[in-house]
Amino acid sequence: MDQLLQQTLSGVATGAIYASLALALVMIYRATESVNFAQGEMAMFSTYIAWTLIQAGVPYWAAFLLTVAISFIGGVLIERIVIRPVETAPILTHVIVFIALLLILNSLAGWIFTYTEKEFPSPFHDKPLFHGMITSQDLGVIGVTLCMLILLFLFFRFTPLGLAMRAAAQNPASAKLAGIRVGWMLAIGWGLAAAVGAVAGIMVAPVTFLDPNMMSGVLLYAFAGALLGGISSPGGAVLGGFIVGVLENLVGTYLIASELKLSAALLLIVITLVVKPSGLFGTILVRRV
Amino acid sequence: MTGRFVTVPSALPGGEARGQSLSHQARLGIALAFAIAAGVPWVVSGYSTFQLTQATIYAIAVLGLNLLTGYNGQISLGHGAFFAIGGYTTAIMMHRWGVPFYLTIAPAGALSFVVGVLFGLPALRLEGLYLALVTLSMAVATPQFLKYFDSWTGGSQGIVLKKPAPPTWLPIGTDRWLFYLALATLALVFWAGRNLLMGRTGRALVAIREHPISATAMGVNTALYKTMAFGVSALVTGIAGALGAGVVGFVSPDSYNVFLSISFLVGSVVGGIATISGALFGGLFIEYVPNFASDISDAAPWAIYGLFLLAFMYLMPKGIAGALADGLASLRRVPKANAALAGDRSGKQTQSS
């Protein structure tokens, strides 16, 4: 029983990271109707920036905030420079552009920072808490992620900019008529997604270690979480991320050899999707014909 | 979503669009292309021949994917799995049961077809991104599965095969023989693919891609066609996989990784999605551009590859085949009225979506 609770809580911590990245995916999806395959590599690159700052002697939390800010600007720039020229292109073109972005970021990171794994510091000291139920690292990750999610919720719910961004994503044409600069809202959306990804990267790096391929598995789980919860629903995606994290941990502990952990988790998701194709909380898309 | 999935070339080369038989020039062009291709192994080195064989095999695999993703609109990021099924069927049959290579190709295709149909059934309920995720997870799971069932697959060691030798009466080396084998298969598959796509079936597939509801209303059995598209697509890619295993003489789980699946999709879009000739360019792209990129920069080859991809997407949004077709059309000075008509049609499509 203790082990079950332990594994569940540690799954929640992993799930928090999937949830953040899933949210980043959903933010871009709602604006552009395509999934950013490069989201994980963007997060990885941000984590390298944080690592560089910390190596240069910047205190942890200052480096954290600075990285989030730099990632935001980076995200805006990527949208303006790389994505804008193909904004109206078909979906498959988007997919290829995202793949290109993924390869470029991955290769650049390997070139600049080398492919050797690096240790990443954590401010949470890995101590067991509450009779070993949860480690302080896991608790810290959950705390930071929840803070970020609440901040984002408040931003989208209560600020004029948040409202404008929601309008631009929901109905670009009407938003434009209402005087919202839709193009820039998209760019800000990319910036926010990159910033959220940066937080996820910094949180996961002490566990997975830092290397250019650290995010590929994480991105897949986040993608799965987003689809499981319903890719059109931010809240659903976050919940989906948590569910995938817990499932992954429990399946890996109790059911199956760890080499097949990824396959098993994906299989569960495929079954869910076949039964309920719009995800657990997604709205069923009604299309005019 | 109508008309958003692929950029349909405004003027398809020759009679491709209307299902007519090929024009005289087109026949001549194809014959010439094959004559040149057949001559190449006699002027280049053995290794270059091997590379060309690989490119030919990739072209077959890309055609398989193109059937599904280009013509039928079902995105697959997991065709590497069918390539692996083809490859491993050949490898296991040759290694365990001593079956000659040539007799393993048909079973490899058949098995891929069955798996493809089985996979196509749940895919009926999944659209766009969901299908992309499910097929991507198939690609991710492939090496894991191959390693797990190591009593059959030899685990991460893989299986070493004897490369199929040319018939004794034919005085050519193994490399050249394998190239001709691949080229002949390519010709056969492309001929069959064209016949399939330019007729009733092709129109049904495209109708389902463009507007599933209208297609159903017109009496197209959507479920049947979509499942069969998955099966046939897997069959073609599986055959390519079987050839690939024979040509390399080795199969291992890590050669069928996610990147292979992504490469197929890249090849099919860069070559020209929803065109048959595009698969050729796609195959060449998959084989040569990574090498070319690492020649330019040893330190960050994939960054260069990524830049190439971006450049292709910006400069040739319809892929290489689409750009060539447009170039030819402007050379022939297609009457402007035609172009205006095409523009009008696409305008209407956007409105109705």
# chains A, B, ... in the order shown; residues from 1 in each chain; ligands from 1
>>> select_by_dssp(residues="region 18-167 of chain A", states="alpha helix (DSSP H)", output="PyMOL selection string")
chain A and resi 18-32+39-55+60-78+91-113+136-158+160-167
>>> closest_atom_pairs(of="chain B", to="chain A", cutoff="8 Å", atoms="only C-alpha atoms", output="JSON lines")
{"residue": "B:Arg4", "atom": "CA", "partner": "A:Pro90", "partner_atom": "CA", "distance": 4.9}
{"residue": "B:Phe5", "atom": "CA", "partner": "A:Pro90", "partner_atom": "CA", "distance": 5.1}
{"residue": "B:Val6", "atom": "CA", "partner": "A:Pro90", "partner_atom": "CA", "distance": 5.4}
{"residue": "B:Thr7", "atom": "CA", "partner": "A:Pro90", "partner_atom": "CA", "distance": 6.5}
{"residue": "B:Pro122", "atom": "CA", "partner": "A:Val274", "partner_atom": "CA", "distance": 6.2}
{"residue": "B:Ala123", "atom": "CA", "partner": "A:Val274", "partner_atom": "CA", "distance": 7.9}
{"residue": "B:Arg125", "atom": "CA", "partner": "A:Val274", "partner_atom": "CA", "distance": 6.2}
{"residue": "B:Leu126", "atom": "CA", "partner": "A:Pro277", "partner_atom": "CA", "distance": 6.2}
{"residue": "B:Leu129", "atom": "CA", "partner": "A:Val35", "partner_atom": "CA", "distance": 7.6}
{"residue": "B:Tyr130", "atom": "CA", "partner": "A:Leu227", "partner_atom": "CA", "distance": 7.1}
{"residue": "B:Leu133", "atom": "CA", "partner": "A:Ala224", "partner_atom": "CA", "distance": 7.3}
{"residue": "B:Val134", "atom": "CA", "partner": "A:Val270", "partner_atom": "CA", "distance": 6.2}
{"residue": "B:Ser137", "atom": "CA", "partner": "A:Leu266", "partner_atom": "CA", "distance": 6.3}
{"residue": "B:Val140", "atom": "CA", "partner": "A:Ser263", "partner_atom": "CA", "distance": 7.6}
{"residue": "B:Ala141", "atom": "CA", "partner": "A:Ser263", "partner_atom": "CA", "distance": 5.2}
{"residue": "B:Gln144", "atom": "CA", "partner": "A:Leu260", "partner_atom": "CA", "distance": 6.5}
{"residue": "B:Phe145", "atom": "CA", "partner": "A:Leu260", "partner_atom": "CA", "distance": 7.5}
{"residue": "B:Tyr148", "atom": "CA", "partner": "A:Glu259", "partner_atom": "CA", "distance": 7.6}
{"residue": "B:Val266", "atom": "CA", "partner": "A:Ile96", "partner_atom": "CA", "distance": 6.4}
{"residue": "B:Val269", "atom": "CA", "partner": "A:Leu92", "partner_atom": "CA", "distance": 7.3}
{"residue": "B:Ala299", "atom": "CA", "partner": "A:Trp111", "partner_atom": "CA", "distance": 5.8}
{"residue": "B:Ala300", "atom": "CA", "partner": "A:Ser107", "partner_atom": "CA", "distance": 5.2}
{"residue": "B:Pro301", "atom": "CA", "partner": "A:Ser107", "partner_atom": "CA", "distance": 7.1}
{"residue": "B:Trp302", "atom": "CA", "partner": "A:Ser107", "partner_atom": "CA", "distance": 5.5}
{"residue": "B:Ala303", "atom": "CA", "partner": "A:Ile104", "partner_atom": "CA", "distance": 3.9}
{"residue": "B:Ile304", "atom": "CA", "partner": "A:Ile104", "partner_atom": "CA", "distance": 7.2}
{"residue": "B:Tyr305", "atom": "CA", "partner": "A:Ala100", "partner_atom": "CA", "distance": 7.6}
{"residue": "B:Gly306", "atom": "CA", "partner": "A:Ala100", "partner_atom": "CA", "distance": 4.2}
{"residue": "B:Leu307", "atom": "CA", "partner": "A:Ala100", "partner_atom": "CA", "distance": 6.8}
{"residue": "B:Leu309", "atom": "CA", "partner": "A:Ala100", "partner_atom": "CA", "distance": 5.9}
{"residue": "B:Leu310", "atom": "CA", "partner": "A:Val97", "partner_atom": "CA", "distance": 6.0}
{"residue": "B:Met313", "atom": "CA", "partner": "A:Thr93", "partner_atom": "CA", "distance": 6.7}
{"residue": "B:Tyr314", "atom": "CA", "partner": "A:Val86", "partner_atom": "CA", "distance": 7.2}
{"residue": "B:Pro317", "atom": "CA", "partner": "A:Thr93", "partner_atom": "CA", "distance": 7.4}
{"residue": "B:Ser352", "atom": "CA", "partner": "A:Val289", "partner_atom": "CA", "distance": 7.2}
{"residue": "B:Ser353", "atom": "CA", "partner": "A:Val289", "partner_atom": "CA", "distance": 6.8}
>>> write_last_selection(atoms="C-alpha atoms", output="mmCIF file, in the first residue's frame")
data_model
loop_
_atom_site.group_PDB
_atom_site.id
_atom_site.type_symbol
_atom_site.label_atom_id
_atom_site.label_comp_id
_atom_site.auth_asym_id
_atom_site.auth_seq_id
_atom_site.Cartn_x
_atom_site.Cartn_y
_atom_site.Cartn_z
ATOM 1 C CA ARG B 4 -6.081 22.432 -46.380
ATOM 2 C CA PHE B 5 -4.445 19.076 -46.235
ATOM 3 C CA VAL B 6 -2.205 19.228 -49.253
ATOM 4 C CA THR B 7 -1.461 21.818 -51.852
ATOM 5 C CA PRO B 122 -8.732 1.433 -35.432
ATOM 6 C CA ALA B 123 -7.351 4.212 -37.641
ATOM 7 C CA ARG B 125 -11.868 6.215 -35.814
ATOM 8 C CA LEU B 126 -8.871 8.510 -35.643
ATOM 9 C CA LEU B 129 -3.255 14.443 -35.348
ATOM 10 C CA TYR B 130 -4.652 11.523 -33.417
ATOM 11 C CA LEU B 133 0.240 10.204 -32.599
ATOM 12 C CA VAL B 134 -0.855 6.594 -32.872
ATOM 13 C CA SER B 137 3.909 5.540 -31.141
ATOM 14 C CA VAL B 140 8.650 4.412 -31.268
ATOM 15 C CA ALA B 141 7.554 0.961 -30.159
ATOM 16 C CA GLN B 144 11.496 -1.950 -28.414
ATOM 17 C CA PHE B 145 9.372 -4.827 -29.680
ATOM 18 C CA TYR B 148 12.000 -7.769 -26.678
ATOM 19 C CA VAL B 266 9.849 14.081 -45.103
ATOM 20 C CA VAL B 269 6.353 15.834 -48.699
ATOM 21 C CA ALA B 299 29.709 19.341 -36.407
ATOM 22 C CA ALA B 300 25.998 19.919 -36.864
ATOM 23 C CA PRO B 301 24.870 17.948 -39.935
ATOM 24 C CA TRP B 302 21.247 17.723 -38.845
ATOM 25 C CA ALA B 303 21.041 21.492 -38.442
ATOM 26 C CA ILE B 304 22.044 21.777 -42.107
ATOM 27 C CA TYR B 305 19.531 19.055 -43.011
ATOM 28 C CA GLY B 306 16.866 21.030 -41.125
ATOM 29 C CA LEU B 307 17.780 24.193 -43.010
ATOM 30 C CA LEU B 309 14.006 21.143 -45.218
ATOM 31 C CA LEU B 310 12.958 24.699 -44.398
ATOM 32 C CA MET B 313 9.216 24.077 -47.787
ATOM 33 C CA TYR B 314 9.565 27.819 -48.457
ATOM 34 C CA PRO B 317 5.634 24.294 -51.208
ATOM 35 C CA SER B 352 -16.994 26.239 -48.234
ATOM 36 C CA SER B 353 -14.711 25.006 -45.451
#
>>> atom_distance(atom1="CA of Asp211 (chain A)", atom2="CA of Leu65 (chain A)")
21.2 Å
>>> closest_residue(among="B:Gly322, B:Gly70, B:Pro290, B:Gly244", to="Lys163 (chain B)", atoms="only C-alpha atoms")
B:Gly244
>>> residues_around(residues="Ala81 (chain B)", least_positions_apart="5", cutoff="7 Å", atoms="only C-alpha atoms", output="list of chain:residue names")
B:Met138, B:Ala139, B:Thr142
>>> write_last_selection(atoms="N, CA and C atoms", output="tab-separated table (two decimals), in the first residue's frame")
chain	number	residue	atom	x	y	z
B	138	MET	N	3.64	3.82	-32.84
B	138	MET	CA	4.01	2.57	-33.49
B	138	MET	C	5.50	2.61	-33.87
B	139	ALA	N	5.93	3.77	-34.41
B	139	ALA	CA	7.33	3.91	-34.80
B	139	ALA	C	8.25	3.82	-33.58
B	142	THR	N	8.47	0.14	-32.30
B	142	THR	CA	9.07	-0.89	-33.16
B	142	THR	C	10.41	-1.42	-32.65
>>> atom_distance(atom1="CA of Ser232 (chain A)", atom2="CA of Met165 (chain A)")
14.9 Å
>>> residues_around(residues="region 199-205 of chain B", least_positions_apart="4", cutoff="12 Å", atoms="only C-alpha atoms", output="PyMOL selection string")
chain B and resi 15-21+66-74+192-195+209-212+214-230+232+274-276
>>> write_last_selection(atoms="N, CA and C atoms", output="CSV table (one decimal), in the first residue's frame")
chain,number,residue,atom,x,y,z
B,15,GLY,N,-1.1,13.5,-68.4
B,15,GLY,CA,-2.5,13.2,-68.2
B,15,GLY,C,-2.8,12.7,-66.7
B,16,GLU,N,-1.8,12.9,-65.8
B,16,GLU,CA,-1.9,12.3,-64.5
B,16,GLU,C,-3.2,12.7,-63.8
B,17,ALA,N,-3.7,14.0,-64.0
B,17,ALA,CA,-4.8,14.4,-63.3
B,17,ALA,C,-6.1,13.8,-63.8
B,18,ARG,N,-6.2,13.5,-65.1
B,18,ARG,CA,-7.5,13.1,-65.6
B,18,ARG,C,-7.6,11.7,-65.9
B,19,GLY,N,-6.5,10.9,-65.5
B,19,GLY,CA,-6.6,9.5,-65.7
B,19,GLY,C,-6.5,9.0,-67.1
B,20,GLN,N,-5.9,9.9,-68.0
B,20,GLN,CA,-5.8,9.5,-69.4
B,20,GLN,C,-4.5,8.7,-69.5
B,21,SER,N,-4.3,8.0,-70.6
B,21,SER,CA,-3.0,7.3,-70.8
B,21,SER,C,-2.0,8.3,-71.0
B,66,ASN,N,2.9,7.6,-49.7
B,66,ASN,CA,2.2,8.6,-50.5
B,66,ASN,C,0.8,8.2,-50.8
B,67,LEU,N,0.6,6.9,-51.0
B,67,LEU,CA,-0.7,6.3,-51.3
B,67,LEU,C,-1.6,6.7,-50.1
B,68,LEU,N,-1.1,6.5,-48.9
B,68,LEU,CA,-1.9,6.7,-47.7
B,68,LEU,C,-2.1,8.1,-47.3
B,69,THR,N,-0.9,8.8,-47.2
B,69,THR,CA,-0.9,10.2,-46.7
B,69,THR,C,-1.3,11.2,-47.8
B,70,GLY,N,-0.7,11.0,-48.9
B,70,GLY,CA,-0.9,12.0,-50.0
B,70,GLY,C,-2.3,11.8,-50.6
B,71,TYR,N,-2.6,10.6,-51.0
B,71,TYR,CA,-3.9,10.4,-51.8
B,71,TYR,C,-5.1,10.3,-50.9
B,72,ASN,N,-4.9,9.6,-49.7
B,72,ASN,CA,-6.0,9.3,-48.9
B,72,ASN,C,-6.1,10.2,-47.6
B,73,GLY,N,-5.0,11.0,-47.4
B,73,GLY,CA,-5.1,12.0,-46.3
B,73,GLY,C,-5.0,11.5,-44.9
B,74,GLN,N,-4.5,10.2,-44.8
B,74,GLN,CA,-4.3,9.7,-43.4
B,74,GLN,C,-2.8,9.9,-43.1
B,192,ALA,N,2.0,-0.3,-61.2
B,192,ALA,CA,0.8,-0.8,-60.5
B,192,ALA,C,0.1,0.4,-59.7
B,193,GLY,N,1.0,1.2,-59.1
B,193,GLY,CA,0.5,2.3,-58.3
B,193,GLY,C,-0.3,3.3,-59.2
B,194,ARG,N,0.3,3.6,-60.4
B,194,ARG,CA,-0.4,4.5,-61.3
B,194,ARG,C,-1.7,4.0,-61.7
B,195,ASN,N,-1.7,2.7,-62.1
B,195,ASN,CA,-3.0,2.1,-62.5
B,195,ASN,C,-4.1,2.2,-61.4
B,209,ARG,N,-10.2,12.0,-49.0
B,209,ARG,CA,-9.3,13.0,-48.4
B,209,ARG,C,-9.9,14.4,-48.4
B,210,GLU,N,-10.5,14.7,-49.6
B,210,GLU,CA,-11.0,16.1,-49.7
B,210,GLU,C,-12.3,16.3,-48.9
B,211,HIS,N,-13.2,15.4,-48.9
B,211,HIS,CA,-14.5,15.6,-48.3
B,211,HIS,C,-15.2,14.3,-48.0
B,212,PRO,N,-14.9,13.7,-46.8
B,212,PRO,CA,-15.4,12.3,-46.5
B,212,PRO,C,-16.9,12.2,-46.6
B,214,SER,N,-19.1,14.0,-48.5
B,214,SER,CA,-19.5,14.0,-49.8
B,214,SER,C,-19.2,12.7,-50.5
B,215,ALA,N,-18.0,12.2,-50.2
B,215,ALA,CA,-17.6,10.9,-50.7
B,215,ALA,C,-18.6,9.8,-50.4
B,216,THR,N,-19.0,9.8,-49.1
B,216,THR,CA,-19.9,8.8,-48.7
B,216,THR,C,-21.3,9.0,-49.4
B,217,ALA,N,-21.6,10.3,-49.5
B,217,ALA,CA,-22.9,10.6,-50.2
B,217,ALA,C,-22.9,10.1,-51.7
B,218,MET,N,-21.7,10.1,-52.3
B,218,MET,CA,-21.5,9.7,-53.7
B,218,MET,C,-21.5,8.2,-53.8
B,219,GLY,N,-21.6,7.5,-52.7
B,219,GLY,CA,-21.6,6.0,-52.7
B,219,GLY,C,-20.2,5.4,-52.5
B,220,VAL,N,-19.2,6.1,-52.1
B,220,VAL,CA,-17.9,5.5,-51.8
B,220,VAL,C,-18.0,4.9,-50.5
B,221,ASN,N,-17.5,3.6,-50.4
B,221,ASN,CA,-17.5,2.9,-49.2
B,221,ASN,C,-16.2,3.4,-48.4
B,222,THR,N,-16.4,4.4,-47.6
B,222,THR,CA,-15.3,5.1,-47.0
B,222,THR,C,-14.4,4.1,-46.1
B,223,ALA,N,-15.1,3.3,-45.3
B,223,ALA,CA,-14.4,2.5,-44.4
B,223,ALA,C,-13.5,1.5,-45.1
B,224,LEU,N,-14.1,0.9,-46.2
B,224,LEU,CA,-13.4,-0.1,-47.0
B,224,LEU,C,-12.2,0.5,-47.6
B,225,TYR,N,-12.4,1.6,-48.3
B,225,TYR,CA,-11.3,2.3,-49.0
B,225,TYR,C,-10.2,2.7,-48.1
B,226,LYS,N,-10.6,3.3,-46.9
B,226,LYS,CA,-9.5,3.7,-46.0
B,226,LYS,C,-8.7,2.6,-45.4
B,227,THR,N,-9.4,1.5,-45.1
B,227,THR,CA,-8.7,0.3,-44.5
B,227,THR,C,-7.8,-0.3,-45.6
B,228,MET,N,-8.3,-0.4,-46.8
B,228,MET,CA,-7.5,-1.0,-47.9
B,228,MET,C,-6.4,-0.1,-48.3
B,229,ALA,N,-6.6,1.3,-48.2
B,229,ALA,CA,-5.4,2.2,-48.4
B,229,ALA,C,-4.3,1.9,-47.4
B,230,PHE,N,-4.7,1.7,-46.2
B,230,PHE,CA,-3.7,1.4,-45.2
B,230,PHE,C,-3.0,0.1,-45.5
B,232,VAL,N,-2.7,-1.6,-48.5
B,232,VAL,CA,-1.9,-1.5,-49.7
B,232,VAL,C,-0.6,-0.7,-49.5
B,274,ALA,N,1.1,13.5,-52.9
B,274,ALA,CA,0.0,13.2,-53.8
B,274,ALA,C,0.5,13.3,-55.3
B,275,THR,N,1.7,12.9,-55.5
B,275,THR,CA,2.2,12.7,-56.9
B,275,THR,C,2.9,11.4,-56.9
B,276,ILE,N,2.9,10.8,-58.1
B,276,ILE,CA,3.6,9.5,-58.1
B,276,ILE,C,5.1,9.7,-58.3
>>> residues_around(residues="Thr237 (chain B)", least_positions_apart="6", cutoff="6 Å", atoms="only C-alpha atoms", output="list in words")
Ala61, Gly64 and Phe83 of chain B
>>> residues_around(residues="Phe120 (chain A)", least_positions_apart="6", cutoff="7 Å", atoms="only C-alpha atoms", output="list of chain:residue names")
A:Trp51, A:Ala205, A:Pro206, A:Phe209, A:Leu210
>>> closest_residue(among="B:Gly241, B:Gly282, B:Gly39, B:Gly249", to="Ile85 (chain B)", atoms="only C-alpha atoms")
B:Gly241
>>> residues_around(residues="Gly11 (chain A)", least_positions_apart="6", cutoff="9 Å", atoms="only C-alpha atoms", output="list in words")
Phe242, Ile243, Val244, Gly245, Val246, Leu247, Glu248, Asn249 and Leu250 of chain A
>>> select_by_dssp(residues="region 122-175 of chain A", states="strand (DSSP E or B)", output="ChimeraX atom specification")
/A:128-129,134-135
>>> write_last_selection(atoms="N, CA and C atoms", output="compact mmCIF listing (two decimals), in the first residue's frame")
# COMPACT_ATOMS: atom_id res chain seq x y z
N PRO A 128 13.70 12.65 1.58
CA PRO A 128 12.36 12.07 1.78
C PRO A 128 11.55 12.88 2.78
N LEU A 129 10.27 13.07 2.51
CA LEU A 129 9.39 13.82 3.40
C LEU A 129 8.21 12.93 3.77
N ILE A 134 7.06 10.96 -0.18
CA ILE A 134 7.38 11.78 -1.35
C ILE A 134 8.72 12.45 -1.10
N THR A 135 9.50 12.66 -2.15
CA THR A 135 10.77 13.35 -1.94
C THR A 135 10.54 14.85 -2.10
>>> atom_distance(atom1="CA of Ser151 (chain B)", atom2="CA of Leu235 (chain B)")
25.3 Å
>>> closest_residue(among="B:Val44, B:Leu111, B:Val251, B:Ala33", to="Leu183 (chain B)", atoms="only C-alpha atoms")
B:Ala33
>>> closest_residue(among="A:Ile73, A:Ala173, A:Ala167, A:Ala200", to="Arg30 (chain A)", atoms="only C-alpha atoms")
A:Ala167
